[in-house]
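Asker: Below is input.txt; it holds compact mmCIF, C-alpha atoms.
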```txt
# COMPACT_ATOMS: atom_id res chain seq x y z
CA MET A 1013 20.59 -4.83 -20.18
CA SER A 1014 20.90 -7.96 -18.03
CA SER A 1015 21.31 -7.56 -14.28
CA THR A 1016 24.73 -9.22 -14.40
CA GLY A 1017 26.32 -7.25 -17.21
CA THR A 1018 29.05 -4.66 -17.11
CA GLU A 1019 28.77 -1.39 -15.19
CA VAL A 1020 26.26 1.02 -16.68
CA ALA A 1021 25.93 4.77 -16.44
CA ASP A 1022 23.75 6.37 -13.78
CA PRO A 1023 20.21 7.38 -14.75
CA ALA A 1024 20.10 10.97 -15.99
CA TYR A 1025 17.60 13.70 -16.92
CA THR A 1026 17.40 16.04 -19.89
CA VAL A 1027 15.04 19.05 -20.01
CA GLY A 1028 12.94 19.36 -23.16
CA THR A 1029 10.31 22.02 -23.91
CA THR A 1030 9.41 24.54 -21.21
CA LEU A 1031 5.88 25.78 -20.56
CA PRO A 1032 5.90 29.60 -20.80
CA GLY A 1033 5.05 31.50 -17.64
CA THR A 1034 5.30 28.40 -15.43
CA ARG A 1035 7.85 25.96 -14.05
CA GLY A 1036 6.41 23.22 -16.26
CA ARG A 1037 8.46 21.36 -18.85
CA THR A 1038 8.87 18.16 -20.77
CA GLY A 1039 11.97 16.03 -20.48
CA VAL A 1040 13.50 12.57 -20.57
CA ILE A 1041 14.75 10.48 -17.66
CA THR A 1042 17.17 7.88 -19.02
CA THR A 1043 17.57 4.68 -17.00
CA PRO A 1044 19.32 1.35 -17.53
CA HIS A 1045 15.93 -0.11 -18.45
CA GLY A 1046 14.83 2.57 -20.90
CA PRO A 1047 13.72 6.21 -21.06
CA ILE A 1048 10.80 7.90 -19.32
CA GLN A 1049 9.26 10.75 -21.30
CA THR A 1050 8.08 13.36 -18.81
CA PRO A 1051 5.69 14.48 -17.46
CA ALA A 1052 4.63 10.88 -16.79
CA PHE A 1053 2.27 9.04 -14.49
CA VAL A 1054 3.83 6.01 -12.81
CA PRO A 1055 1.30 3.32 -11.81
CA VAL A 1056 1.82 1.75 -8.40
CA GLY A 1057 2.63 -1.94 -8.20
CA THR A 1058 2.91 -2.07 -4.41
CA LYS A 1059 3.82 -5.75 -4.05
CA ALA A 1060 5.51 -6.13 -7.46
CA THR A 1061 2.16 -6.15 -9.20
CA VAL A 1062 -0.37 -3.57 -10.32
CA LYS A 1063 -3.28 -5.26 -8.60
CA THR A 1064 -5.50 -7.50 -10.76
CA VAL A 1065 -3.70 -6.89 -14.09
CA LEU A 1066 -0.82 -8.40 -16.07
CA PRO A 1067 2.42 -6.42 -16.39
CA GLU A 1068 2.17 -6.81 -20.16
CA SER A 1069 -1.26 -5.18 -20.06
CA VAL A 1070 0.06 -2.20 -18.08
CA ALA A 1071 2.84 -1.74 -20.65
CA ALA A 1072 0.38 -2.03 -23.54
CA LEU A 1073 -1.67 0.82 -22.06
CA GLY A 1074 1.34 3.13 -22.39
CA ALA A 1075 2.70 3.17 -18.84
CA GLN A 1076 6.44 3.82 -18.99
CA ALA A 1077 7.44 2.79 -15.46
CA VAL A 1078 5.98 1.25 -12.31
CA LEU A 1079 6.61 1.94 -8.62
CA ALA A 1080 6.79 -0.76 -5.95
CA ASN A 1081 6.94 -0.49 -2.18
CA ALA A 1082 10.08 -1.36 -0.22
CA TYR A 1083 8.19 -1.97 3.03
CA HIS A 1084 5.81 -4.54 1.59
CA LEU A 1085 8.46 -6.32 -0.49
CA TYR A 1086 10.79 -6.42 2.51
CA LEU A 1087 8.14 -8.26 4.50
CA GLN A 1088 7.09 -10.51 1.62
CA PRO A 1089 8.77 -12.19 -0.26
CA GLY A 1090 11.95 -10.51 1.06
CA PRO A 1091 14.50 -8.44 -0.88
CA GLU A 1092 16.93 -11.36 -1.10
CA ILE A 1093 14.47 -13.29 -3.25
CA ILE A 1094 14.01 -10.36 -5.63
CA ASP A 1095 17.76 -9.80 -5.80
CA GLN A 1096 18.25 -13.46 -6.73
CA ALA A 1097 15.65 -13.04 -9.48
CA GLY A 1098 17.71 -10.23 -11.03
CA GLY A 1099 15.83 -7.28 -9.55
CA LEU A 1100 12.28 -5.99 -9.43
CA GLY A 1101 11.73 -5.75 -13.17
CA ALA A 1102 12.93 -9.30 -13.83
CA PHE A 1103 10.98 -10.64 -10.85
CA MET A 1104 7.65 -9.21 -12.03
CA ASN A 1105 8.38 -9.55 -15.76
CA TRP A 1106 8.32 -5.78 -16.29
CA PRO A 1107 10.84 -4.74 -18.98
CA GLY A 1108 10.85 -1.00 -18.36
CA PRO A 1109 12.06 1.41 -15.67
CA THR A 1110 11.10 0.89 -12.04
CA TYR A 1111 10.87 3.00 -8.89
CA THR A 1112 10.78 1.93 -5.24
CA ASP A 1113 9.88 4.18 -2.35
CA SER A 1114 11.93 3.97 0.84
CA GLY A 1115 9.33 2.23 2.98
CA GLY A 1116 9.18 5.24 5.28
CA PHE A 1117 5.58 6.14 4.45
CA GLN A 1118 4.28 2.68 5.28
CA VAL A 1119 6.44 2.23 8.39
CA MET A 1120 5.20 5.54 9.78
CA SER A 1121 1.61 5.63 8.52
CA LEU A 1122 0.70 2.01 9.24
CA GLY A 1123 2.47 2.24 12.58
CA ALA A 1124 0.64 5.42 13.49
CA GLY A 1125 -2.71 4.07 12.42
CA PHE A 1126 -3.20 6.53 9.55
CA LYS A 1127 -3.51 3.74 6.97
CA LYS A 1128 -3.94 5.00 3.39
CA VAL A 1129 -5.03 8.55 4.11
CA ILE A 1130 -2.96 11.13 5.90
CA ALA A 1131 -5.93 13.24 6.88
CA MET A 1132 -4.15 13.62 10.20
CA GLU A 1133 -7.20 14.15 12.35
CA VAL A 1134 -5.75 12.49 15.42
CA GLY A 1135 -5.74 13.45 19.04
CA ASN A 1136 -2.03 14.05 19.51
CA PRO A 1137 0.19 13.02 16.59
CA ASP A 1138 3.32 14.01 18.53
CA ASP A 1139 2.57 11.29 21.07
CA GLU A 1140 5.21 8.62 20.58
CA LEU A 1141 3.22 5.90 22.35
CA THR A 1142 -0.30 6.04 20.95
CA ALA A 1143 -2.23 6.95 17.83
CA ASN A 1144 -6.01 7.22 17.58
CA GLY A 1145 -6.13 5.91 21.14
CA LYS A 1146 -4.26 2.71 20.28
CA GLU A 1147 -0.69 1.61 20.80
CA ARG A 1148 1.53 2.64 17.91
CA LEU A 1149 3.11 -0.08 15.81
CA SER A 1150 6.15 2.12 15.11
CA ARG A 1151 8.66 4.06 17.21
CA VAL A 1152 10.87 6.77 15.73
CA ASP A 1153 14.25 7.68 17.16
CA ASP A 1154 17.24 9.53 15.76
CA ASP A 1155 18.81 6.32 14.44
CA GLY A 1156 15.75 4.87 12.68
CA VAL A 1157 12.32 3.31 13.19
CA THR A 1158 11.33 0.16 15.06
CA PHE A 1159 8.01 -1.24 13.94
CA LYS A 1160 5.75 -4.25 14.00
CA SER A 1161 4.71 -5.97 10.80
CA HIS A 1162 1.08 -5.37 9.88
CA LEU A 1163 1.06 -8.98 8.63
CA ASP A 1164 2.00 -10.92 11.76
CA GLY A 1165 3.11 -8.46 14.44
CA SER A 1166 6.77 -9.43 14.19
CA ALA A 1167 9.34 -6.79 15.18
CA HIS A 1168 11.57 -5.08 12.58
CA ARG A 1169 13.80 -2.04 12.32
CA PHE A 1170 14.50 0.31 9.42
CA THR A 1171 17.42 2.70 9.43
CA PRO A 1172 18.65 4.77 6.48
CA GLU A 1173 21.25 2.08 5.81
CA VAL A 1174 18.70 -0.73 5.94
CA SER A 1175 16.38 1.11 3.55
CA MET A 1176 19.26 1.57 1.09
CA GLN A 1177 20.24 -2.09 1.40
CA ILE A 1178 16.69 -3.22 0.74
CA GLN A 1179 16.24 -0.90 -2.23
CA HIS A 1180 19.56 -1.94 -3.76
CA GLN A 1181 18.49 -5.57 -3.50
CA LEU A 1182 15.15 -4.70 -5.08
CA GLY A 1183 17.16 -3.17 -7.92
CA ALA A 1184 14.83 -0.36 -9.03
CA ASP A 1185 16.25 2.30 -11.35
CA ILE A 1186 15.05 5.13 -9.10
CA ILE A 1187 15.02 4.81 -5.31
CA PHE A 1188 14.21 7.25 -2.51
CA ALA A 1189 16.03 8.32 0.64
CA PHE A 1190 14.59 7.23 3.97
CA ASP A 1191 12.69 10.09 5.57
CA GLU A 1192 10.33 10.66 8.46
CA LEU A 1193 6.69 11.08 7.55
CA THR A 1194 4.97 13.84 9.51
CA THR A 1195 1.37 15.01 9.45
CA LEU A 1196 -0.34 18.35 9.13
CA MET A 1197 -1.35 17.96 12.78
CA ASN A 1198 2.17 17.64 14.16
CA THR A 1199 3.34 20.71 16.06
CA ARG A 1200 5.73 23.21 14.53
CA ALA A 1201 8.41 22.12 17.00
CA TYR A 1202 8.01 18.49 16.00
CA GLN A 1203 8.21 19.41 12.31
CA GLU A 1204 11.49 21.23 12.92
CA ASN A 1205 13.00 18.29 14.79
CA SER A 1206 11.76 15.85 12.17
CA LEU A 1207 13.24 17.91 9.35
CA GLU A 1208 16.67 17.80 10.96
CA ARG A 1209 16.32 14.05 11.53
CA THR A 1210 15.44 13.56 7.88
CA ARG A 1211 18.44 15.68 6.82
CA LEU A 1212 20.80 13.56 8.91
CA TRP A 1213 19.22 10.40 7.54
CA ALA A 1214 19.78 11.72 4.01
CA ILE A 1215 23.51 12.00 4.71
CA ARG A 1216 23.55 8.37 5.79
CA CYS A 1217 21.47 7.33 2.77
CA LEU A 1218 23.97 8.96 0.42
CA ALA A 1219 26.92 7.28 2.12
CA GLU A 1220 25.33 3.84 2.02
CA HIS A 1221 24.11 4.34 -1.56
CA ASN A 1222 27.64 5.19 -2.65
CA ARG A 1223 29.05 2.15 -0.86
CA LEU A 1224 26.48 -0.23 -2.32
CA SER A 1225 26.80 1.25 -5.83
CA THR A 1226 30.51 0.41 -5.77
CA GLU A 1227 29.97 -2.99 -4.20
CA ARG A 1228 27.27 -3.86 -6.73
CA ALA A 1229 28.82 -2.24 -9.79
CA HIS A 1230 27.96 -5.36 -11.80
CA ARG A 1231 24.28 -4.45 -11.38
CA PRO A 1232 22.52 -1.66 -13.29
CA GLN A 1233 23.27 1.61 -11.49
CA GLN A 1234 20.49 3.18 -9.46
CA SER A 1235 19.56 6.82 -8.93
CA LEU A 1236 18.90 7.93 -5.35
CA TRP A 1237 16.43 10.80 -4.94
CA GLY A 1238 16.15 12.92 -1.80
CA VAL A 1239 12.72 13.51 -0.25
CA ILE A 1240 11.50 17.00 0.69
CA GLN A 1241 9.37 17.30 3.83
CA GLY A 1242 8.25 20.36 5.82
CA ALA A 1243 4.46 20.06 5.82
CA GLN A 1244 2.66 23.36 5.16
CA TYR A 1245 5.51 25.63 6.31
CA GLU A 1246 7.20 27.67 3.60
CA ASP A 1247 10.44 28.20 5.51
CA LEU A 1248 10.73 24.49 6.34
CA ARG A 1249 9.99 23.35 2.79
CA ARG A 1250 12.54 25.78 1.38
CA LYS A 1251 15.12 24.84 4.04
CA ALA A 1252 14.64 21.13 3.37
CA SER A 1253 15.15 21.73 -0.35
CA ARG A 1254 18.28 23.83 0.13
CA ASP A 1255 19.69 21.36 2.64
CA LEU A 1256 19.32 18.38 0.32
CA VAL A 1257 20.82 20.27 -2.63
CA ALA A 1258 23.80 21.21 -0.46
CA LEU A 1259 24.21 17.59 0.65
CA SER A 1260 24.08 16.41 -2.95
CA GLU A 1261 26.67 18.93 -4.10
CA ALA A 1262 29.00 18.11 -1.21
CA ASP A 1263 28.64 14.40 -1.88
CA ARG A 1264 29.55 14.84 -5.53
CA GLU A 1265 32.54 17.01 -4.64
CA ALA A 1266 33.73 14.17 -2.41
CA GLY A 1267 33.44 11.67 -5.27
CA GLY A 1268 29.95 10.36 -4.52
CA LYS A 1269 26.89 10.16 -6.71
CA GLY A 1270 24.74 12.79 -5.01
CA PHE A 1271 20.99 12.85 -5.53
CA GLY A 1272 19.76 12.13 -9.06
CA GLY A 1273 16.46 13.88 -8.40
CA TYR A 1274 14.01 14.80 -5.65
CA GLY A 1275 10.72 13.51 -4.30
CA ILE A 1276 8.19 15.88 -2.81
CA GLY A 1277 6.52 14.08 0.08
CA GLY A 1278 4.51 14.51 3.22
CA ALA A 1279 0.99 15.64 3.79
CA LEU A 1280 -0.16 18.27 1.31
CA GLU A 1281 -3.40 20.21 1.61
CA LYS A 1282 -5.07 20.21 -1.78
CA HIS A 1283 -5.55 23.96 -1.93
CA ASN A 1284 -1.85 24.50 -1.12
CA LEU A 1285 -0.44 21.87 -3.47
CA GLY A 1286 0.77 24.22 -6.18
CA THR A 1287 2.11 26.75 -3.70
CA ILE A 1288 4.14 24.15 -1.78
CA VAL A 1289 5.50 22.50 -4.91
CA GLY A 1290 6.43 25.96 -6.16
CA TRP A 1291 8.36 26.77 -2.97
CA VAL A 1292 10.30 23.53 -3.31
CA ASN A 1293 11.09 23.94 -6.98
CA ASP A 1294 12.26 27.51 -6.44
CA GLU A 1295 15.12 25.97 -4.44
CA LEU A 1296 15.86 22.80 -6.43
CA PRO A 1297 18.05 22.62 -9.56
CA GLU A 1298 16.03 23.08 -12.74
CA ASP A 1299 18.00 20.40 -14.56
CA GLU A 1300 17.15 17.59 -12.11
CA PRO A 1301 13.86 15.65 -12.09
CA LYS A 1302 11.16 15.92 -9.43
CA HIS A 1303 8.61 13.31 -8.38
CA LEU A 1304 5.39 14.04 -6.49
CA LEU A 1305 4.53 11.16 -4.20
CA GLY A 1306 0.92 10.01 -4.04
CA ILE A 1307 -0.92 12.40 -6.38
CA SER A 1308 -3.31 11.40 -9.20
CA GLU A 1309 -6.46 13.56 -9.19
CA PRO A 1310 -6.67 15.30 -12.59
CA ASP A 1311 -6.73 18.88 -11.28
CA ASP A 1312 -3.80 18.12 -8.96
CA ILE A 1313 -1.82 16.68 -11.87
CA PHE A 1314 -2.21 19.86 -13.91
CA THR A 1315 -1.28 21.99 -10.90
CA ALA A 1316 1.81 19.88 -10.25
CA ILE A 1317 2.93 19.93 -13.89
CA GLU A 1318 2.71 23.71 -14.01
CA ASN A 1319 4.84 23.93 -10.88
CA GLY A 1320 7.64 21.75 -12.22
CA VAL A 1321 6.80 18.15 -11.30
CA ASP A 1322 8.04 15.55 -13.79
CA THR A 1323 6.61 12.25 -12.54
CA PHE A 1324 3.76 11.19 -10.24
CA ASP A 1325 2.54 8.02 -8.58
CA CYS A 1326 -0.65 7.13 -6.77
CA VAL A 1327 -2.65 4.02 -5.87
CA SER A 1328 -5.97 5.84 -6.30
CA PRO A 1329 -6.77 4.97 -9.95
CA THR A 1330 -6.40 1.26 -9.27
CA ARG A 1331 -7.93 1.27 -5.79
CA VAL A 1332 -11.12 3.06 -6.82
CA ALA A 1333 -11.35 0.85 -9.92
CA ARG A 1334 -11.69 -2.23 -7.70
CA ASN A 1335 -14.81 -0.61 -6.22
CA GLY A 1336 -16.34 0.16 -9.61
CA ALA A 1337 -15.30 3.83 -10.03
CA ILE A 1338 -14.55 4.64 -13.67
CA TYR A 1339 -12.68 7.68 -14.98
CA SER A 1340 -13.99 9.40 -18.10
CA PHE A 1341 -13.44 12.72 -19.82
CA ASP A 1342 -16.91 13.73 -18.67
CA GLY A 1343 -16.25 12.94 -15.03
CA ARG A 1344 -15.88 9.94 -12.76
CA TYR A 1345 -18.82 7.57 -12.34
CA ASN A 1346 -19.64 4.29 -10.63
CA ILE A 1347 -20.33 1.40 -12.97
CA THR A 1348 -22.40 -0.42 -10.33
CA ASN A 1349 -25.21 2.15 -10.56
CA ALA A 1350 -28.45 0.74 -11.92
CA LYS A 1351 -28.59 2.98 -14.99
CA TYR A 1352 -25.61 1.14 -16.51
CA ARG A 1353 -27.39 -2.23 -16.43
CA ASN A 1354 -28.41 -1.91 -20.06
CA ASP A 1355 -25.91 0.75 -21.25
CA PHE A 1356 -23.95 -0.82 -24.10
CA GLY A 1357 -21.64 2.13 -24.69
CA GLN A 1358 -17.91 2.09 -24.02
CA LEU A 1359 -16.52 3.06 -20.63
CA ASP A 1360 -15.24 6.20 -22.33
CA PRO A 1361 -15.46 6.43 -26.14
CA GLU A 1362 -12.53 8.89 -26.17
CA ILE A 1363 -10.08 6.37 -24.70
CA ASP A 1364 -8.98 3.71 -27.17
CA ASN A 1365 -7.63 0.84 -25.10
CA TYR A 1366 -8.16 -2.84 -24.40
CA THR A 1367 -11.38 -2.19 -22.48
CA SER A 1368 -12.95 -0.37 -25.43
CA GLN A 1369 -14.34 -3.70 -26.66
CA TYR A 1370 -16.42 -4.12 -23.48
CA SER A 1371 -19.63 -2.29 -22.65
CA ARG A 1372 -20.67 -0.54 -19.47
CA ALA A 1373 -23.47 -3.08 -19.17
CA TYR A 1374 -20.93 -5.90 -19.18
CA LEU A 1375 -18.78 -4.31 -16.47
CA HIS A 1376 -21.92 -3.56 -14.47
CA HIS A 1377 -22.77 -7.26 -14.68
CA LEU A 1378 -19.26 -8.34 -13.68
CA PHE A 1379 -19.28 -6.18 -10.56
CA LYS A 1380 -22.78 -7.21 -9.56
CA ALA A 1381 -21.84 -10.87 -10.08
CA LYS A 1382 -18.62 -10.31 -8.13
CA GLU A 1383 -16.54 -11.64 -11.01
CA GLY A 1384 -12.80 -10.92 -10.82
CA LEU A 1385 -12.72 -9.70 -14.41
CA GLY A 1386 -14.66 -6.58 -13.37
CA PRO A 1387 -11.90 -5.03 -11.25
CA THR A 1388 -9.33 -6.11 -13.84
CA LEU A 1389 -11.04 -4.29 -16.71
CA ALA A 1390 -11.82 -1.24 -14.55
CA THR A 1391 -8.18 -1.06 -13.43
CA LEU A 1392 -6.91 -1.30 -16.99
CA HIS A 1393 -9.23 1.50 -18.02
CA ASN A 1394 -8.38 3.83 -15.14
CA VAL A 1395 -4.62 3.39 -15.54
CA SER A 1396 -5.00 4.03 -19.26
CA PHE A 1397 -7.07 7.15 -18.55
CA ILE A 1398 -4.52 8.77 -16.21
CA VAL A 1399 -1.56 7.76 -18.39
CA THR A 1400 -3.34 9.23 -21.42
CA LEU A 1401 -4.24 12.44 -19.54
CA VAL A 1402 -0.58 13.05 -18.68
CA ASP A 1403 0.70 11.95 -22.10
CA ARG A 1404 -1.62 14.45 -23.77
CA ALA A 1405 -0.47 17.16 -21.39
CA ARG A 1406 3.13 16.41 -22.37
CA GLN A 1407 2.23 16.55 -26.06
CA ALA A 1408 0.35 19.81 -25.50
CA ILE A 1409 3.42 21.39 -23.89
CA GLU A 1410 5.47 20.29 -26.89
CA ASN A 1411 3.07 21.73 -29.45
CA GLY A 1412 2.10 24.88 -27.55
CA THR A 1413 -1.54 23.98 -26.81
CA TYR A 1414 -1.26 23.13 -23.12
CA VAL A 1415 -3.52 25.87 -21.74
CA GLU A 1416 -6.30 25.02 -24.18
CA TYR A 1417 -5.97 21.31 -23.43
CA ARG A 1418 -6.00 21.85 -19.66
CA ASP A 1419 -8.97 24.22 -19.66
CA GLU A 1420 -11.07 22.00 -21.90
CA PHE A 1421 -10.25 18.89 -19.89
CA LEU A 1422 -11.06 20.50 -16.54
CA ARG A 1423 -14.27 22.04 -17.90
CA ARG A 1424 -15.54 18.67 -19.03
CA TYR A 1425 -14.25 16.53 -16.18
CA TYR A 1426 -15.48 18.72 -13.34
CA GLY A 1427 -18.28 20.49 -15.17
CA SER A 1428 -20.45 17.44 -15.74
CA THR A 1429 -21.14 14.19 -13.93
CA ARG A 1430 -22.75 10.96 -15.08
CA ASP A 1431 -24.23 10.06 -11.72
```
Could you spell out this file's structure in C-alpha cells?

Answerer:
Amino acid sequence: MSSTGTEVADPAYTVGTTLPGTRGRTGVITTPHGPIQTPAFVPVGTKATVKTVLPESVAALGAQAVLANAYHLYLQPGPEIIDQAGGLGAFMNWPGPTYTDSGGFQVMSLGAGFKKVIAMEVGNPDDELTANGKERLSRVDDDGVTFKSHLDGSAHRFTPEVSMQIQHQLGADIIFAFDELTTLMNTRAYQENSLERTRLWAIRCLAEHNRLSTERAHRPQQSLWGVIQGAQYEDLRRKASRDLVALSEADREAGGKGFGGYGIGGALEKHNLGTIVGWVNDELPEDEPKHLLGISEPDDIFTAIENGVDTFDCVSPTRVARNGAIYSFDGRYNITNAKYRNDFGQLDPEIDNYTSQYSRAYLHHLFKAKEGLGPTLATLHNVSFIVTLVDRARQAIENGTYVEYRDEFLRRYYGSTRD
C-alpha cells in the first residue's frame, strides 16, 4: 500500500506450528508491507542500506525484512527527509517490511565508548562522567539522554517522545520503545534503577505512539514493541517482562494500541542466552512475537528459536564479510588465506545463490586487489547463508525434522574448519 492511502490495520502475529518440548514455534507477522514468516533473520541496513549491496539483491536472497537504525538516520539524512520520501521502505527502494530500533543502543554504547561490542570490561560503568578513562559522549537522566554526535560532536537529546517521533517519521512497520542500555558490569543497584527508568520510559513511549498513530492515521500503521532489559538477573528479567505486559494491557484497556510484540535486549552472556530468553518468554504472552536484538551466530540462533524467539537481527554477517570471512555449512573461513588463491570451487556448494557463479579464487583475488566487488559478493553470500539457515529451521519445525536438522548443522559447522 502507498504511504498516503487510507488507514490500515495494525501489524499482527499468528502462531503456526509449535516445536514439541520447547518454546519454539513458527508463525506469521503480518504488516502493511507484507508478511514475515517466522522464525526469520532480519538483515541490518543501519543507514537505510545493507552495506555494499543493492536492496533488490537482498530481497532476491530471500530476506523478508530489513532493520535500520533510528540514531544514524536521525543524524543523517534526518527523519524529515525519509518521511517526505514516503517512509524507510520507499526511501531505500525496499518493498517489504521494515524494522527500526529506538536509537537507544547507539546513544548509550557510542556515548559510553563501548562501540560495537558490549563486552563491558570497563573500569566503572556506573560512572556518569567517564568511560574507559575518557569523557562520555552521553548523559542519562530520568527524562532522557543528552549526547554528542559521533559524526561532528554536535549536541542532541533523545527522550522517549523524541524516539517515537523519529521512528514514526521513518515509517517502519515495527518500531521499538526507547530503553536504557546497561552492561554486565553495571552494579545490581544501577540495574534496578535503570529498569525502573526504562519502565517509565515505556509508558511515555506508548502514550506518544498512540498520539502519533492517530495524528498520522493516513500512514501505514506501525507496531510498537517493548524492550526487555535486566542483564543477567532472573528476577529483573522476569519483572521487566511482567511490567511491560501489564503496561500493554492497561494501555489497551484505555483505548490505546499496547505493545505489538517484545524485543529482548541488553548484554547477554553467550552461555546464559537460552536461560535468559526462557525467563523472559515464561512471562510474555505466547501469542505475541519476540525479537532478539543483535544475535546471529548459528548456535545462538538455534538456542533462541528453541526458547521462543521469532525474529533476529545482527550486523555480524555483513561486517565480517567485508573483512573476507565466509560462512559455509562446514564452518566459517577467511577467503583471503593463500590456499584459496587457486581454489575454483563455490563459496559453499550447498547454498544456491547469486554468488554461486563465482569461485573462491575469484573472491580471493578481489580482496587481495582491494576491489569493491569482493565485499559485495561476500556480503550477499553471508546474508543468504544466515537467511537460509533460519528458513530451513522454520521448515524443519513445520515438517517435524528440526532436531535432526539442528544436530547435523551444528556437527558440521562447529565440527570442522577450513582454515

Asker: Which is closest to Thr1030 (chain A) among A:Pro1361, A:Gly1275, A:Gly1384, A:Gly1320, if we use all atoms listed in the file?

Answerer: A:Gly1320

Asker: When you draw a straight line from CA of His1084 (chain A) to CA of Ala1337 (chain A), how long is it in Å?

Answerer: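 One can read the CA of His1084 (chain A) to CA of Ala1337 (chain A) distance as 25.5 Å.
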
Asker: Using all atoms listed in the file, which of the listed residues (A:Ser1069, A:Asn1222, A:Gln1177, A:Gln1244) sits closest to Lys1269 (chain A)?

Answerer: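 The answer is A:Asn1222, which sits nearest to Lys1269 (chain A).
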
Asker: I'd like to know which of A:Ala1243, A:Leu1085, A:Leu1066, A:Ala1080 is closest to Asn1105 (chain A), using only C-alpha atoms.

Answerer: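 Of the candidates, the smallest distance to Asn1105 (chain A) is held by A:Leu1066.
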
Asker: So that I can check the surroundings of Ile1307 (chain A), please list as a list in words every protein, DNA and RNA residue that reaches within 8 Å of it, counting only C-alpha atoms and ignoring chain neighbours fewer than 3 positions away.

Answerer: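 Contacts, with the query itself left out: Leu1304, Asp1312, Ile1313, Phe1324, Asp1325 and Cys1326 of chain A.
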
Asker: Considering all atoms listed in the file, state which residue in the set A:Arg1353, A:Arg1423, A:Lys1382, A:Arg1223 is at the smallest distance from Asp1311 (chain A).

Answerer: A:Arg1423

Asker: Between A:Phe1170, A:Phe1053, A:Tyr1245, A:Trp1237, which residue has the minimum interatomic distance to Leu1196 (chain A), considering all atoms listed in the file?

Answerer: A:Tyr1245

Asker: Nearest to Asp1322 (chain A) among A:Gly1156, A:Pro1051, A:Gly1036, A:Gly1386, with distances taken over only C-alpha atoms: which residue is it?

Answerer: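 Nearest to Asp1322 (chain A): A:Pro1051.
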
Asker: CA of Asp1191 (chain A) to CA of Ser1235 (chain A): how many Å, to one decimal?

Answerer: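 Going from CA of Asp1191 (chain A) over to CA of Ser1235 (chain A) covers 16.4 Å.
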
Asker: Work out how far apart CA of Gly1028 (chain A) and CA of Ala1075 (chain A) are and give it in Å to one decimal.

Answerer: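 Rounded to one decimal, the two atoms are 19.6 Å apart.
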
Asker: Counting all atoms listed in the file, which residues sit no farther than 10 Å from the position (-14.8, 0.1, -6.9) in the file's frame? I'd like them as a list in words.

Answerer: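 Within the cut-off we find Pro1329, Thr1330, Arg1331, Val1332, Ala1333, Arg1334, Asn1335, Gly1336, Ala1337, Ile1338, Asn1346, Ile1347, Thr1348, Phe1379, Gly1386, Pro1387, Ala1390 and Thr1391 of chain A.
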
Asker: For the interface of region 1277-1323 of chain A with region 1198-1216 of chain A (cut-off 12 Å, counting all atoms listed in the file), please tabulate each contacting residue of region 1277-1323 of chain A alongside its nearest pair of atoms and their separation in Å to one decimal, rows sorted by chain and increasing number, as a tab-separated table.

Answerer:
```
residue	atom	partner	partner_atom	distance
A:Gly1277	CA	A:Thr1210	CA	11.9
A:Gly1278	CA	A:Gln1203	CA	11.0
A:Ala1279	CA	A:Asn1198	CA	10.6
```

Asker: Find the residues around region 1038-1047 of chain A up to 8 Å (only C-alpha atoms counted), leave out those fewer than 5 positions away in its own chain, and share them as a list in words.

Answerer: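 Close residues of region 1038-1047 of chain A: Met1013, Val1020, Ala1021, Asp1022, Pro1023, Ala1024, Tyr1025, Thr1026, Val1027, Gly1028, Thr1029, Thr1030, Gln1076, Pro1107, Gly1108, Pro1109, Asp1185, Pro1232, Gln1233, Pro1301, Asp1322, Arg1406, Ile1409 and Glu1410 of chain A.
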
Asker: Go ahead and find all residues with at least one atom no further than 10 Å from (1.1, 21.6, -2.8) in the file's coordinates, using only C-alpha atoms; report them as a PyMOL selection string.

Answerer: chain A and resi 1243-1244+1276-1292+1304+1312+1315-1316+1319
